[in-house]
file start-v2.txt (compact mmCIF, C-alpha atoms)
# COMPACT_ATOMS: atom_id res chain seq x y z
CA MET A 19 0.50 14.83 -34.44
CA LYS A 20 -2.59 15.90 -32.56
CA LEU A 21 -2.56 12.63 -30.63
CA LEU A 22 1.05 13.24 -29.64
CA GLY A 23 0.07 16.62 -28.24
CA GLU A 24 -2.75 14.96 -26.30
CA PHE A 25 -0.19 12.57 -24.83
CA LEU A 26 2.48 15.14 -24.05
CA LYS A 27 0.19 17.63 -22.31
CA GLY A 28 -0.22 15.25 -19.35
CA ILE A 29 3.51 14.99 -18.90
CA TRP A 30 4.37 18.68 -18.85
CA ARG A 31 1.88 21.41 -19.73
CA GLU A 32 -1.02 19.93 -17.76
CA ASN A 33 0.95 17.67 -15.42
CA PRO A 34 -1.60 16.47 -12.82
CA THR A 35 0.71 16.97 -9.84
CA PHE A 36 2.77 20.02 -10.70
CA ARG A 37 0.50 22.04 -13.01
CA MET A 38 -3.04 21.08 -11.98
CA VAL A 39 -2.11 20.23 -8.37
CA LEU A 40 -4.50 17.25 -8.30
CA GLY A 41 -4.23 13.96 -6.41
CA LEU A 42 -1.94 15.38 -3.75
CA CYS A 43 -3.18 13.05 -1.00
CA PRO A 44 -1.67 9.86 -2.45
CA THR A 45 1.33 11.88 -3.63
CA LEU A 46 2.08 13.01 -0.09
CA ALA A 47 1.49 9.56 1.31
CA VAL A 48 3.34 7.17 -0.98
CA SER A 49 6.28 9.27 -2.14
CA THR A 50 8.46 8.00 0.70
CA THR A 51 10.36 5.51 -1.46
CA ILE A 52 11.00 5.38 -5.21
CA ALA A 53 9.65 1.83 -5.47
CA ASN A 54 6.37 2.90 -3.85
CA GLY A 55 6.19 5.93 -6.17
CA ILE A 56 6.59 3.80 -9.29
CA GLY A 57 4.10 1.18 -8.04
CA MET A 58 1.49 3.79 -7.22
CA GLY A 59 2.04 5.61 -10.52
CA LEU A 60 1.63 2.45 -12.58
CA ALA A 61 -1.47 1.34 -10.66
CA ALA A 62 -3.05 4.77 -11.18
CA THR A 63 -2.10 4.70 -14.88
CA PHE A 64 -3.83 1.33 -15.29
CA VAL A 65 -6.97 2.67 -13.63
CA LEU A 66 -6.85 5.88 -15.70
CA VAL A 67 -6.53 4.04 -19.02
CA GLY A 68 -9.09 1.37 -18.17
CA SER A 69 -11.72 3.74 -16.86
CA SER A 70 -11.23 6.29 -19.64
CA ILE A 71 -11.93 3.65 -22.31
CA PHE A 72 -15.22 2.70 -20.70
CA VAL A 73 -16.27 6.21 -19.75
CA SER A 74 -15.66 7.19 -23.37
CA LEU A 75 -17.58 4.17 -24.72
CA VAL A 76 -20.68 4.86 -22.62
CA ARG A 77 -20.52 8.67 -22.99
CA ASN A 78 -23.52 8.81 -25.33
CA ILE A 79 -25.83 6.53 -23.34
CA VAL A 80 -25.11 7.81 -19.82
CA PRO A 81 -27.53 10.61 -18.90
CA GLU A 82 -26.06 13.86 -17.60
CA LYS A 83 -27.74 13.52 -14.20
CA VAL A 84 -26.37 10.12 -13.21
CA ARG A 85 -22.96 10.43 -14.84
CA ILE A 86 -20.91 10.79 -11.64
CA PRO A 87 -22.16 7.53 -10.02
CA CYS A 88 -21.63 5.76 -13.35
CA TYR A 89 -18.04 7.01 -13.59
CA ILE A 90 -17.30 6.11 -9.97
CA VAL A 91 -18.60 2.56 -10.48
CA ILE A 92 -16.37 2.15 -13.56
CA ILE A 93 -13.34 3.60 -11.74
CA ALA A 94 -13.92 1.50 -8.60
CA THR A 95 -14.12 -1.63 -10.74
CA PHE A 96 -10.70 -1.00 -12.24
CA VAL A 97 -9.21 -0.10 -8.86
CA THR A 98 -10.43 -3.37 -7.36
CA ILE A 99 -9.06 -5.32 -10.33
CA ALA A 100 -5.67 -3.64 -9.87
CA ASP A 101 -5.76 -4.29 -6.12
CA LEU A 102 -6.62 -8.00 -6.48
CA PHE A 103 -4.01 -8.63 -9.16
CA MET A 104 -1.38 -6.83 -7.14
CA LYS A 105 -2.21 -8.99 -4.10
CA ALA A 106 -2.01 -12.14 -6.21
CA TYR A 107 1.11 -11.46 -8.25
CA SER A 108 3.08 -8.81 -6.38
CA PRO A 109 2.36 -9.27 -2.66
CA ALA A 110 5.44 -7.28 -1.59
CA LEU A 111 4.35 -4.17 -3.49
CA SER A 112 0.76 -4.64 -2.39
CA ARG A 113 1.90 -4.78 1.21
CA SER A 114 3.99 -1.62 1.01
CA LEU A 115 1.31 0.41 -0.81
CA GLY A 116 -1.33 -0.92 1.58
CA MET A 117 -4.51 1.07 1.68
CA PHE A 118 -3.43 3.60 -0.94
CA VAL A 119 -4.37 1.26 -3.78
CA PRO A 120 -8.09 1.12 -2.80
CA LEU A 121 -7.89 4.89 -2.31
CA ILE A 122 -7.19 5.43 -6.04
CA VAL A 123 -11.01 5.41 -6.33
CA VAL A 124 -11.12 8.87 -4.80
CA ASN A 125 -8.03 10.15 -6.59
CA CYS A 126 -9.31 13.31 -8.25
CA ILE A 127 -7.04 12.86 -11.28
CA VAL A 128 -9.05 9.83 -12.37
CA LEU A 129 -12.51 11.34 -11.93
CA GLY A 130 -11.14 14.64 -13.26
CA ARG A 131 -10.07 13.07 -16.57
CA ALA A 132 -13.37 11.18 -16.85
CA GLU A 133 -15.33 14.38 -16.35
CA ALA A 134 -13.13 16.76 -18.32
CA PHE A 135 -11.95 14.57 -21.17
CA SER A 136 -13.15 11.03 -21.82
CA SER A 137 -16.84 11.87 -21.29
CA LYS A 138 -16.60 14.12 -24.36
CA GLU A 139 -13.99 12.43 -26.55
CA PRO A 140 -13.77 9.18 -28.58
CA PRO A 141 -12.00 6.17 -26.99
CA MET A 142 -8.73 6.47 -28.92
CA ARG A 143 -8.07 10.05 -27.84
CA SER A 144 -9.20 9.22 -24.30
CA ILE A 145 -6.67 6.39 -24.03
CA ILE A 146 -3.87 8.66 -25.22
CA ASP A 147 -4.93 11.38 -22.79
CA ALA A 148 -5.13 8.89 -19.90
CA LEU A 149 -1.72 7.43 -20.75
CA GLY A 150 -0.16 10.90 -20.80
CA MET A 151 -1.77 11.85 -17.50
CA GLY A 152 -0.80 8.52 -15.90
CA ILE A 153 2.81 8.77 -17.02
CA GLY A 154 2.91 12.42 -15.96
CA PHE A 155 1.66 11.40 -12.52
CA THR A 156 4.19 8.54 -12.34
CA LEU A 157 7.09 10.82 -13.33
CA ALA A 158 6.03 13.40 -10.74
CA LEU A 159 5.91 10.69 -8.07
CA ILE A 160 9.36 9.42 -9.08
CA VAL A 161 10.88 12.92 -8.86
CA ILE A 162 9.31 13.64 -5.46
CA SER A 163 10.07 10.23 -3.97
CA ALA A 164 13.66 10.27 -5.27
CA ILE A 165 14.27 13.54 -3.43
CA ARG A 166 12.55 12.37 -0.26
CA GLU A 167 14.04 8.88 -0.12
CA SER A 168 17.61 9.97 -0.80
CA LEU A 169 17.53 12.91 1.61
CA GLY A 170 15.31 11.44 4.32
CA ASN A 171 16.39 7.81 4.38
CA GLY A 172 19.79 7.89 2.72
CA THR A 173 18.78 5.26 0.17
CA ALA A 174 17.73 5.17 -3.47
CA LEU A 175 16.33 2.00 -5.10
CA GLY A 176 18.30 -0.30 -2.79
CA PHE A 177 21.51 1.75 -2.79
CA SER A 178 22.44 3.11 0.57
CA PHE A 179 24.56 6.18 1.17
CA SER A 180 23.46 6.92 4.71
CA ARG A 181 27.09 6.69 5.84
CA VAL A 182 27.88 9.92 3.98
CA PHE A 183 25.43 11.99 6.03
CA GLU A 184 22.87 11.57 8.76
CA PRO A 185 19.50 11.57 6.90
CA PRO A 186 17.05 14.14 8.30
CA LEU A 187 13.98 12.10 9.25
CA PHE A 188 11.55 14.91 8.56
CA MET A 189 12.00 14.51 4.78
CA ILE A 190 10.26 11.12 5.08
CA LEU A 191 7.53 12.57 7.30
CA ALA A 192 4.61 14.61 5.97
CA PRO A 193 6.32 18.05 6.28
CA GLY A 194 9.09 16.84 3.98
CA ALA A 195 6.52 15.91 1.34
CA LEU A 196 4.80 19.31 1.54
CA LEU A 197 8.14 21.11 1.38
CA THR A 198 9.37 19.07 -1.60
CA ILE A 199 6.15 19.43 -3.58
CA GLY A 200 5.86 23.13 -2.76
CA LEU A 201 9.43 23.90 -3.82
CA LEU A 202 9.10 21.87 -7.02
CA ILE A 203 5.84 23.61 -8.00
CA GLY A 204 7.45 26.96 -7.20
CA LEU A 205 10.45 26.14 -9.34
CA ILE A 206 8.29 25.04 -12.27
CA ASN A 207 6.11 28.14 -11.96
CA TYR A 208 9.21 30.34 -11.92
CA PHE A 209 10.56 28.86 -15.14
CA THR A 210 7.18 28.91 -16.89
CA ALA A 211 6.68 32.54 -15.90
CA LYS A 212 10.15 33.47 -17.15
CA LYS A 213 9.54 31.68 -20.44
CA GLY A 214 6.19 33.42 -20.79
CA LEU A 215 7.81 36.82 -20.20
CA ARG A 216 10.44 36.21 -22.87
CA ARG A 217 7.82 35.07 -25.34
CA GLY A 218 5.76 38.14 -24.49
CA LYS A 219 8.64 40.50 -25.34
CA LYS A 220 9.18 38.90 -28.74
CA ASP A 221 5.59 39.44 -29.81
CA MET B 5 -41.06 9.42 -13.48
CA ASN B 6 -40.37 7.71 -16.75
CA GLN B 7 -37.07 9.50 -17.00
CA MET B 8 -36.08 8.53 -13.47
CA LEU B 9 -36.75 4.89 -14.29
CA ARG B 10 -34.52 5.16 -17.35
CA PHE B 11 -31.69 6.73 -15.32
CA GLY B 12 -31.93 4.01 -12.70
CA LEU B 13 -31.95 1.33 -15.35
CA ILE B 14 -28.80 2.63 -17.04
CA LEU B 15 -26.95 2.99 -13.73
CA GLY B 16 -28.17 -0.47 -12.72
CA LEU B 17 -26.90 -1.95 -16.00
CA ILE B 18 -23.46 -0.44 -15.47
CA CYS B 19 -23.38 -1.72 -11.89
CA ALA B 20 -24.41 -5.21 -13.03
CA ALA B 21 -21.65 -5.28 -15.64
CA ALA B 22 -19.13 -4.10 -13.02
CA THR B 23 -20.28 -6.79 -10.59
CA LEU B 24 -19.84 -9.47 -13.23
CA VAL B 25 -16.31 -8.31 -14.08
CA LEU B 26 -15.35 -8.15 -10.39
CA ALA B 27 -16.80 -11.56 -9.61
CA VAL B 28 -14.71 -13.10 -12.39
CA THR B 29 -11.55 -11.26 -11.29
CA TYR B 30 -12.11 -12.32 -7.68
CA GLU B 31 -12.54 -15.96 -8.61
CA VAL B 32 -9.46 -15.88 -10.84
CA THR B 33 -7.18 -14.25 -8.25
CA LYS B 34 -8.57 -15.90 -5.09
CA PRO B 35 -6.61 -19.17 -5.20
CA LYS B 36 -3.46 -17.26 -6.09
CA ILE B 37 -3.88 -14.80 -3.19
CA GLU B 38 -4.56 -17.60 -0.70
CA ASP B 39 -1.57 -19.44 -2.07
CA GLN B 40 0.63 -16.40 -1.50
CA LEU B 41 -0.57 -16.00 2.08
CA LYS B 42 -0.04 -19.67 2.88
CA LYS B 43 3.39 -19.66 1.27
CA GLU B 44 4.40 -16.63 3.29
CA GLU B 45 3.13 -18.20 6.48
CA SER B 46 4.82 -21.56 6.10
CA ALA B 47 8.05 -19.87 5.03
CA ALA B 48 7.88 -17.68 8.12
CA LEU B 49 7.14 -20.58 10.46
CA ALA B 50 10.19 -22.76 9.94
CA LYS B 51 12.59 -19.94 9.12
CA VAL B 52 11.75 -17.09 11.48
CA VAL B 53 9.13 -17.97 14.07
CA MET B 54 10.51 -21.30 15.29
CA PRO B 55 13.87 -21.99 13.70
CA GLY B 56 14.84 -25.64 13.83
CA ALA B 57 11.34 -27.07 14.12
CA ASP B 58 10.21 -29.40 11.34
CA THR B 59 6.49 -30.07 11.82
CA PHE B 60 3.65 -27.84 12.88
CA THR B 61 0.11 -28.77 13.86
CA GLU B 62 -2.68 -26.22 13.92
CA LYS B 63 -4.57 -25.98 17.27
CA THR B 64 -7.18 -23.74 18.88
CA LEU B 65 -7.58 -23.20 22.60
CA ASP B 66 -10.54 -21.16 23.76
CA GLY B 67 -10.21 -18.61 20.97
CA VAL B 68 -6.41 -18.49 20.92
CA GLU B 69 -5.07 -19.92 17.66
CA TYR B 70 -1.65 -21.50 17.83
CA LEU B 71 0.54 -24.15 16.29
CA GLU B 72 2.46 -26.80 18.16
CA ALA B 73 6.03 -26.99 16.90
CA PHE B 74 7.86 -30.31 16.84
CA LYS B 75 11.47 -31.23 16.23
CA ASN B 76 12.10 -34.94 15.66
CA LYS B 77 8.60 -35.61 17.00
CA ARG B 78 9.36 -33.86 20.31
CA LEU B 79 7.38 -30.77 21.29
CA VAL B 80 9.75 -27.80 21.33
CA GLY B 81 7.41 -24.81 21.53
CA TYR B 82 4.33 -22.98 20.35
CA CYS B 83 3.69 -20.52 17.52
CA ILE B 84 0.87 -18.23 18.60
CA ARG B 85 -1.23 -16.03 16.34
CA ALA B 86 -1.42 -12.51 17.74
CA THR B 87 -3.26 -9.46 16.42
CA GLY B 88 -2.36 -5.94 17.48
CA THR B 89 -4.12 -2.66 16.71
CA GLY B 90 -1.63 -0.44 14.94
CA TYR B 91 -1.80 3.12 13.70
CA SER B 92 -3.95 2.35 10.68
CA GLY B 93 -5.38 -1.12 11.08
CA TYR B 94 -4.66 -4.55 12.45
CA ILE B 95 -1.19 -6.04 12.63
CA ARG B 96 -1.34 -9.82 12.29
CA MET B 97 1.68 -11.77 13.44
CA LEU B 98 3.05 -15.12 14.53
CA VAL B 99 5.05 -15.37 17.75
CA GLY B 100 7.21 -18.39 18.46
CA ILE B 101 7.95 -19.25 22.10
CA ASP B 102 9.79 -22.26 23.55
CA LEU B 103 8.53 -24.26 26.51
CA SER B 104 9.86 -21.69 28.99
CA SER B 105 8.08 -18.92 27.03
CA THR B 106 11.29 -17.35 25.69
CA ILE B 107 10.66 -15.73 22.32
CA LYS B 108 12.28 -17.64 19.46
CA GLY B 109 11.08 -15.37 16.67
CA VAL B 110 8.37 -12.98 15.51
CA SER B 111 6.97 -12.64 12.01
CA ILE B 112 4.48 -10.06 10.78
CA LEU B 113 2.04 -11.56 8.31
CA GLU B 114 -0.09 -8.55 7.53
CA HIS B 115 -0.17 -4.87 8.44
CA SER B 116 -1.28 -1.56 6.96
CA GLU B 117 1.05 0.84 8.77
CA THR B 118 2.30 4.05 7.15
CA PRO B 119 4.99 3.39 4.54
CA GLY B 120 8.30 4.88 5.67
CA LEU B 121 7.19 5.07 9.30
CA GLY B 122 5.15 2.36 10.99
CA ALA B 123 5.89 0.00 8.13
CA LYS B 124 9.45 -0.13 9.48
CA ILE B 125 8.25 -2.73 12.01
CA ASN B 126 8.71 -5.14 9.11
CA GLU B 127 11.58 -3.46 7.26
CA VAL B 128 14.71 -5.39 6.41
CA ARG B 129 17.92 -3.36 6.12
CA PRO B 130 20.06 -3.97 3.03
CA LYS B 131 22.33 -7.02 3.38
CA GLU B 132 20.38 -8.25 6.41
CA GLU B 133 18.13 -11.26 6.68
CA GLU B 134 15.34 -10.20 9.00
CA PRO B 135 13.59 -7.00 10.12
CA TYR B 136 15.77 -5.17 12.66
CA PHE B 137 12.82 -4.24 14.85
CA LEU B 138 11.56 -7.81 15.23
CA ARG B 139 15.06 -9.20 15.82
CA GLN B 140 15.17 -7.42 19.18
CA PHE B 141 12.44 -9.67 20.57
CA LYS B 142 14.50 -12.84 20.28
CA GLY B 143 15.56 -14.37 23.58
CA LYS B 144 13.32 -12.11 25.68
CA GLN B 145 10.64 -13.36 28.06
CA ALA B 146 7.34 -13.14 26.16
CA TYR B 147 5.01 -12.58 29.10
CA SER B 148 6.82 -9.52 30.45
CA ILE B 149 8.07 -7.89 27.25
CA GLU B 150 7.79 -4.13 27.28
CA LEU B 151 8.58 -1.40 24.77
CA LYS B 152 11.48 0.93 25.65
CA LYS B 153 12.55 -1.50 28.41
CA ASP B 154 13.23 -4.70 26.51
CA VAL B 155 13.02 -3.45 22.95
CA ASP B 156 13.65 -0.07 21.31
CA ALA B 157 10.72 1.62 19.55
CA ILE B 158 11.03 2.85 15.96
CA THR B 159 11.57 6.61 15.75
CA GLY B 160 8.32 8.32 14.79
CA ALA B 161 6.34 5.09 15.03
CA THR B 162 5.74 4.50 18.72
CA ILE B 163 2.12 3.41 18.18
CA SER B 164 3.07 0.70 15.69
CA SER B 165 5.99 -0.48 17.83
CA LYS B 166 3.84 -0.60 20.96
CA ALA B 167 1.08 -2.46 19.11
CA VAL B 168 3.52 -5.26 18.31
CA SER B 169 5.07 -5.58 21.78
CA ASP B 170 1.72 -5.25 23.59
CA ALA B 171 0.04 -7.82 21.35
CA ILE B 172 2.87 -10.29 21.92
CA ARG B 173 2.79 -9.87 25.70
CA ASP B 174 -0.99 -9.94 26.06
CA THR B 175 -1.58 -12.85 23.69
CA VAL B 176 1.16 -14.95 25.24
CA ASN B 177 -0.21 -14.25 28.74
CA LYS B 178 -3.69 -15.22 27.61
CA PHE B 179 -2.30 -18.36 26.03
CA LEU B 180 -0.27 -19.35 29.12
CA ALA B 181 -3.27 -18.80 31.40
CA LYS B 182 -5.46 -20.96 29.16
CA MET B 183 -2.80 -23.67 29.03
CA LYS B 184 -2.58 -23.65 32.81
CA ASP B 185 -6.36 -24.02 33.11
CA GLU B 186 -6.29 -26.85 30.63
CA LYS B 187 -3.58 -28.74 32.48
CA GLY B 188 -5.08 -27.97 35.88
CA LEU B 189 -8.43 -29.49 34.92
call {"tool": "encode", "arguments": {"input": "start-v2.txt", "output": "C-alpha cells"}}
result
Amino acid sequence: MKLLGEFLKGIWRENPTFRMVLGLCPTLAVSTTIANGIGMGLAATFVLVGSSIFVSLVRNIVPEKVRIPCYIVIIATFVTIADLFMKAYSPALSRSLGMFVPLIVVNCIVLGRAEAFSSKEPPMRSIIDALGMGIGFTLALIVISAIRESLGNGTALGFSFSRVFEPPLFMILAPGALLTIGLLIGLINYFTAKKGLRRGKKD
Amino acid sequence: MNQMLRFGLILGLICAAATLVLAVTYEVTKPKIEDQLKKEESAALAKVVMPGADTFTEKTLDGVEYLEAFKNKRLVGYCIRATGTGYSGYIRMLVGIDLSSTIKGVSILEHSETPGLGAKINEVRPKEEEPYFLRQFKGKQAYSIELKKDVDAITGATISSKAVSDAIRDTVNKFLAKMKDEKGL
C-alpha cells in the first residue's frame, strides 16, 4: 500500500511538470508532437529508473561531499545508453528527438529524484518512486503535446484535421508551449485550491 | 588529505565502472548504428537522389565527396555530399545532379534542427512519399538555386531552409569548378 502511494505521488500529487514545475526545458522543446512527447517521456523514465537503482545501491558508500559528481556520472551513463540504443534500434525517433536525448543528463527531475529520494531510500522504493515520476512526466508531456500538436499543426498521431481549421502556427512555437503549460498549471492549482478549501470547511 | 584520497578513489571507481558499461554498450550498438546509416543512405540514393540509376561508385575530388551514378553502365549523373550549417548543427545531405547539373533529387541524411520547425526540411506529409520542402528542388539548376526565388522557405524556419539551398548551390559550384579543372588539365 505504501509502495502504491510512492508510485502514485509522481503521477498527481508531486507531478514533476505540473506540481513541482521541474524539467521545463525539455518539456517546452519536445512537446510539439505527441510521438516526440511519448519518446522523450519513455527515455527519461528509463534514465530515472536506471539511475535511481544505482544511486540507491551506492548511497551508503558515496561520501556526502562528492555525491553530486557521482550521481551525474551514473545519470550520464544511462542517458548515453538510451541514446545509443535509440540510434541503433529506432533511428526515426532518435532523429526527431535529436539533441534532447543527450540533454536528459541535465534534466533536473532526474538529479532531483537522486538527491531527494533514492540517495536516502532502499532500491525497491527508489524504483517505484522513479517509475511514478517517469510516468507522471510522460503523461504531462502527452497532455501538453496533444494540445499543441492538434491546435498548432492540425494533426494528432498521424490523423490530420487541418482542413477543418487553419492551425495557428504559434501553438507549435515556444510561446504556445509557455501558454499551454501555464494554463494547465493554473487550472490544476485552481482545482487543488478549491478541493483544499472544501476539505478545510469540513474539519 | 587521507579523506580527500578516499573521496577521489570512490568517485574514480564509479567513473571506471561507468566507462566499462559505456564501452560495452558502444561496441554492441556500433555495428547496428552504422548499418542503419548505410541502409538509409543506399535507400536514399536509388530512390530519391538519383532515381533510375542502378550502380554507384564512391569518389573523392579535392575534398568534395561524391558518387558517380550509372544506368546500364552509362554515366548519368553525380550524387554529391553536401553539408550545411543549420540552426542547431550540421545538416548532412546528398544532392543528385544529372550531366547538365539539373537537380534530380535531394535527401537529408542527418540534421539536428528544431522539431516542429526546422525539422520540417525533412518532413513528409501524410499520404505523400517525400518531404515537401525537398521536392521543390527537383528540376532546378543546382548552381544558381536560391531560396525564395526558386524554392519556398518553410515558415518560421528560414535559417534551416537557407542552409539547405545554400549548401546545395555552393557545393555543386565547388564540384563543377573542380571537375572543370580536372578535365582542363
call {"tool": "atom_distance", "arguments": {"input": "start-v2.txt", "atom1": "atom CA of Ala86 of chain B", "atom2": "atom CA of Arg129 of chain B"}}
result
24.3 Å
call {"tool": "residues_around", "arguments": {"input": "start-v2.txt", "residues": "Val53 of chain B", "least_positions_apart": "5", "cutoff": "7 Å", "atoms": "only C-alpha atoms", "output": "PyMOL selection string"}}
result
chain B and resi 48+83+98-100+108-111
call {"tool": "interface_residues", "arguments": {"input": "start-v2.txt", "of": "chain B", "to": "chain A", "cutoff": "7 Å", "atoms": "all atoms listed in the file", "output": "PyMOL selection string"}}
result
chain B and resi 11+14-15+18-19+22+26+29+33+36-37+40+116+119-120
call {"tool": "write_last_selection", "arguments": {"input": "start-v2.txt", "atoms": "C-alpha atoms", "output": "PDB file, keeping the file's coordinate frame"}}
result
ATOM      1  CA  PHE B  11     -31.690   6.730 -15.320  1.00  0.00           C
ATOM      2  CA  ILE B  14     -28.800   2.630 -17.040  1.00  0.00           C
ATOM      3  CA  LEU B  15     -26.950   2.990 -13.730  1.00  0.00           C
ATOM      4  CA  ILE B  18     -23.460  -0.440 -15.470  1.00  0.00           C
ATOM      5  CA  CYS B  19     -23.380  -1.720 -11.890  1.00  0.00           C
ATOM      6  CA  ALA B  22     -19.130  -4.100 -13.020  1.00  0.00           C
ATOM      7  CA  LEU B  26     -15.350  -8.150 -10.390  1.00  0.00           C
ATOM      8  CA  THR B  29     -11.550 -11.260 -11.290  1.00  0.00           C
ATOM      9  CA  THR B  33      -7.180 -14.250  -8.250  1.00  0.00           C
ATOM     10  CA  LYS B  36      -3.460 -17.260  -6.090  1.00  0.00           C
ATOM     11  CA  ILE B  37      -3.880 -14.800  -3.190  1.00  0.00           C
ATOM     12  CA  GLN B  40       0.630 -16.400  -1.500  1.00  0.00           C
ATOM     13  CA  SER B 116      -1.280  -1.560   6.960  1.00  0.00           C
ATOM     14  CA  PRO B 119       4.990   3.390   4.540  1.00  0.00           C
ATOM     15  CA  GLY B 120       8.300   4.880   5.670  1.00  0.00           C
TER      16      GLY B 120
END
call {"tool": "atom_distance", "arguments": {"input": "start-v2.txt", "atom1": "atom CA of Thr106 of chain B", "atom2": "atom CA of Asp156 of chain B"}}
result
18.0 Å
call {"tool": "atom_distance", "arguments": {"input": "start-v2.txt", "atom1": "atom CA of Val128 of chain A", "atom2": "atom CA of Met189 of chain A"}}
result
27.6 Å
call {"tool": "closest_atom_pairs", "arguments": {"input": "start-v2.txt", "of": "segment 74-184 of chain A", "to": "segment 192-207 of chain A", "cutoff": "10 Å", "atoms": "all atoms listed in the file", "output": "JSON lines"}}
result
{"residue": "A:Ala158", "atom": "CA", "partner": "A:Ile199", "partner_atom": "CA", "distance": 9.4}
{"residue": "A:Leu159", "atom": "CA", "partner": "A:Ile199", "partner_atom": "CA", "distance": 9.8}
{"residue": "A:Val161", "atom": "CA", "partner": "A:Leu202", "partner_atom": "CA", "distance": 9.3}
{"residue": "A:Ile162", "atom": "CA", "partner": "A:Thr198", "partner_atom": "CA", "distance": 6.7}
{"residue": "A:Ser163", "atom": "CA", "partner": "A:Ala195", "partner_atom": "CA", "distance": 8.5}
{"residue": "A:Ile165", "atom": "CA", "partner": "A:Thr198", "partner_atom": "CA", "distance": 7.6}
{"residue": "A:Arg166", "atom": "CA", "partner": "A:Gly194", "partner_atom": "CA", "distance": 7.1}
{"residue": "A:Leu169", "atom": "CA", "partner": "A:Gly194", "partner_atom": "CA", "distance": 9.6}
{"residue": "A:Gly170", "atom": "CA", "partner": "A:Gly194", "partner_atom": "CA", "distance": 8.2}
call {"tool": "closest_residue", "arguments": {"input": "start-v2.txt", "among": "A:Leu111, A:Ile71, A:Leu22, A:Val182", "to": "Gly55 of chain A", "atoms": "all atoms listed in the file"}}
result
A:Leu111
call {"tool": "residues_near_point", "arguments": {"input": "start-v2.txt", "point": "(9.7, -0.7, 25.5)", "cutoff": "10 Å", "atoms": "all atoms listed in the file", "output": "list of chain:residue names"}}
result
B:Ile149, B:Glu150, B:Leu151, B:Lys152, B:Lys153, B:Asp154, B:Val155, B:Asp156, B:Ala157, B:Thr162, B:Ser165, B:Lys166, B:Ser169, B:Asp170
call {"tool": "write_last_selection", "arguments": {"input": "start-v2.txt", "atoms": "C-alpha atoms", "output": "mmCIF file, keeping the file's coordinate frame"}}
result
data_model
loop_
_atom_site.group_PDB
_atom_site.id
_atom_site.type_symbol
_atom_site.label_atom_id
_atom_site.label_comp_id
_atom_site.auth_asym_id
_atom_site.auth_seq_id
_atom_site.Cartn_x
_atom_site.Cartn_y
_atom_site.Cartn_z
ATOM 1 C CA ILE B 149 8.070 -7.890 27.250
ATOM 2 C CA GLU B 150 7.790 -4.130 27.280
ATOM 3 C CA LEU B 151 8.580 -1.400 24.770
ATOM 4 C CA LYS B 152 11.480 0.930 25.650
ATOM 5 C CA LYS B 153 12.550 -1.500 28.410
ATOM 6 C CA ASP B 154 13.230 -4.700 26.510
ATOM 7 C CA VAL B 155 13.020 -3.450 22.950
ATOM 8 C CA ASP B 156 13.650 -0.070 21.310
ATOM 9 C CA ALA B 157 10.720 1.620 19.550
ATOM 10 C CA THR B 162 5.740 4.500 18.720
ATOM 11 C CA SER B 165 5.990 -0.480 17.830
ATOM 12 C CA LYS B 166 3.840 -0.600 20.960
ATOM 13 C CA SER B 169 5.070 -5.580 21.780
ATOM 14 C CA ASP B 170 1.720 -5.250 23.590
#
call {"tool": "residues_around", "arguments": {"input": "start-v2.txt", "residues": "segment 61-75 of chain B", "least_positions_apart": "3", "cutoff": "10 Å", "atoms": "all atoms listed in the file", "output": "NGL selection string"}}
result
:B and (49-50 or 53-58 or 78-86 or 98-102 or 175-176 or 178-179 or 182-183 or 186)
call {"tool": "residues_around", "arguments": {"input": "start-v2.txt", "residues": "Phe25 of chain A", "least_positions_apart": "2", "cutoff": "10 Å", "atoms": "only C-alpha atoms", "output": "PyMOL selection string"}}
result
chain A and resi 19-23+27-30+143-154
call {"tool": "closest_residue", "arguments": {"input": "start-v2.txt", "among": "A:Pro141, A:Gly57, A:Pro120, A:Gly172", "to": "Leu75 of chain A", "atoms": "only C-alpha atoms"}}
result
A:Pro141
call {"tool": "decode", "arguments": {"input": "start-v2.txt", "residues": "segment 181-191 of chain A", "atoms": "N, CA and C atoms", "output": "PDB file, in the first residue's frame"}}
result
ATOM      1  N   ARG A 181      -7.966  20.473 -42.344  1.00  0.00           N
ATOM      2  CA  ARG A 181      -8.929  21.048 -43.281  1.00  0.00           C
ATOM      3  C   ARG A 181     -10.055  21.743 -42.530  1.00  0.00           C
ATOM      4  N   VAL A 182     -10.289  21.336 -41.280  1.00  0.00           N
ATOM      5  CA  VAL A 182     -11.398  21.897 -40.505  1.00  0.00           C
ATOM      6  C   VAL A 182     -11.094  23.344 -40.118  1.00  0.00           C
ATOM      7  N   PHE A 183      -9.838  23.616 -39.777  1.00  0.00           N
ATOM      8  CA  PHE A 183      -9.477  24.995 -39.409  1.00  0.00           C
ATOM      9  C   PHE A 183      -8.033  25.249 -39.801  1.00  0.00           C
ATOM     10  N   GLU A 184      -7.684  26.500 -39.890  1.00  0.00           N
ATOM     11  CA  GLU A 184      -6.300  26.859 -40.197  1.00  0.00           C
ATOM     12  C   GLU A 184      -5.510  26.855 -38.894  1.00  0.00           C
ATOM     13  N   PRO A 185      -4.556  25.908 -38.714  1.00  0.00           N
ATOM     14  CA  PRO A 185      -3.864  25.803 -37.420  1.00  0.00           C
ATOM     15  C   PRO A 185      -2.994  27.023 -37.128  1.00  0.00           C
ATOM     16  N   PRO A 186      -3.176  27.642 -35.952  1.00  0.00           N
ATOM     17  CA  PRO A 186      -2.315  28.777 -35.604  1.00  0.00           C
ATOM     18  C   PRO A 186      -0.896  28.299 -35.302  1.00  0.00           C
ATOM     19  N   LEU A 187       0.056  28.758 -36.091  1.00  0.00           N
ATOM     20  CA  LEU A 187       1.439  28.286 -36.003  1.00  0.00           C
ATOM     21  C   LEU A 187       2.051  28.506 -34.624  1.00  0.00           C
ATOM     22  N   PHE A 188       1.583  29.569 -33.933  1.00  0.00           N
ATOM     23  CA  PHE A 188       2.284  29.938 -32.709  1.00  0.00           C
ATOM     24  C   PHE A 188       2.134  28.892 -31.588  1.00  0.00           C
ATOM     25  N   MET A 189       1.132  27.991 -31.743  1.00  0.00           N
ATOM     26  CA  MET A 189       0.990  26.920 -30.740  1.00  0.00           C
ATOM     27  C   MET A 189       2.166  25.949 -30.807  1.00  0.00           C
ATOM     28  N   ILE A 190       2.767  25.808 -32.013  1.00  0.00           N
ATOM     29  CA  ILE A 190       3.920  24.921 -32.168  1.00  0.00           C
ATOM     30  C   ILE A 190       5.191  25.638 -31.713  1.00  0.00           C
ATOM     31  N   LEU A 191       5.200  26.954 -31.837  1.00  0.00           N
ATOM     32  CA  LEU A 191       6.379  27.729 -31.424  1.00  0.00           C
ATOM     33  C   LEU A 191       6.434  27.842 -29.902  1.00  0.00           C
TER      34      LEU A 191
END
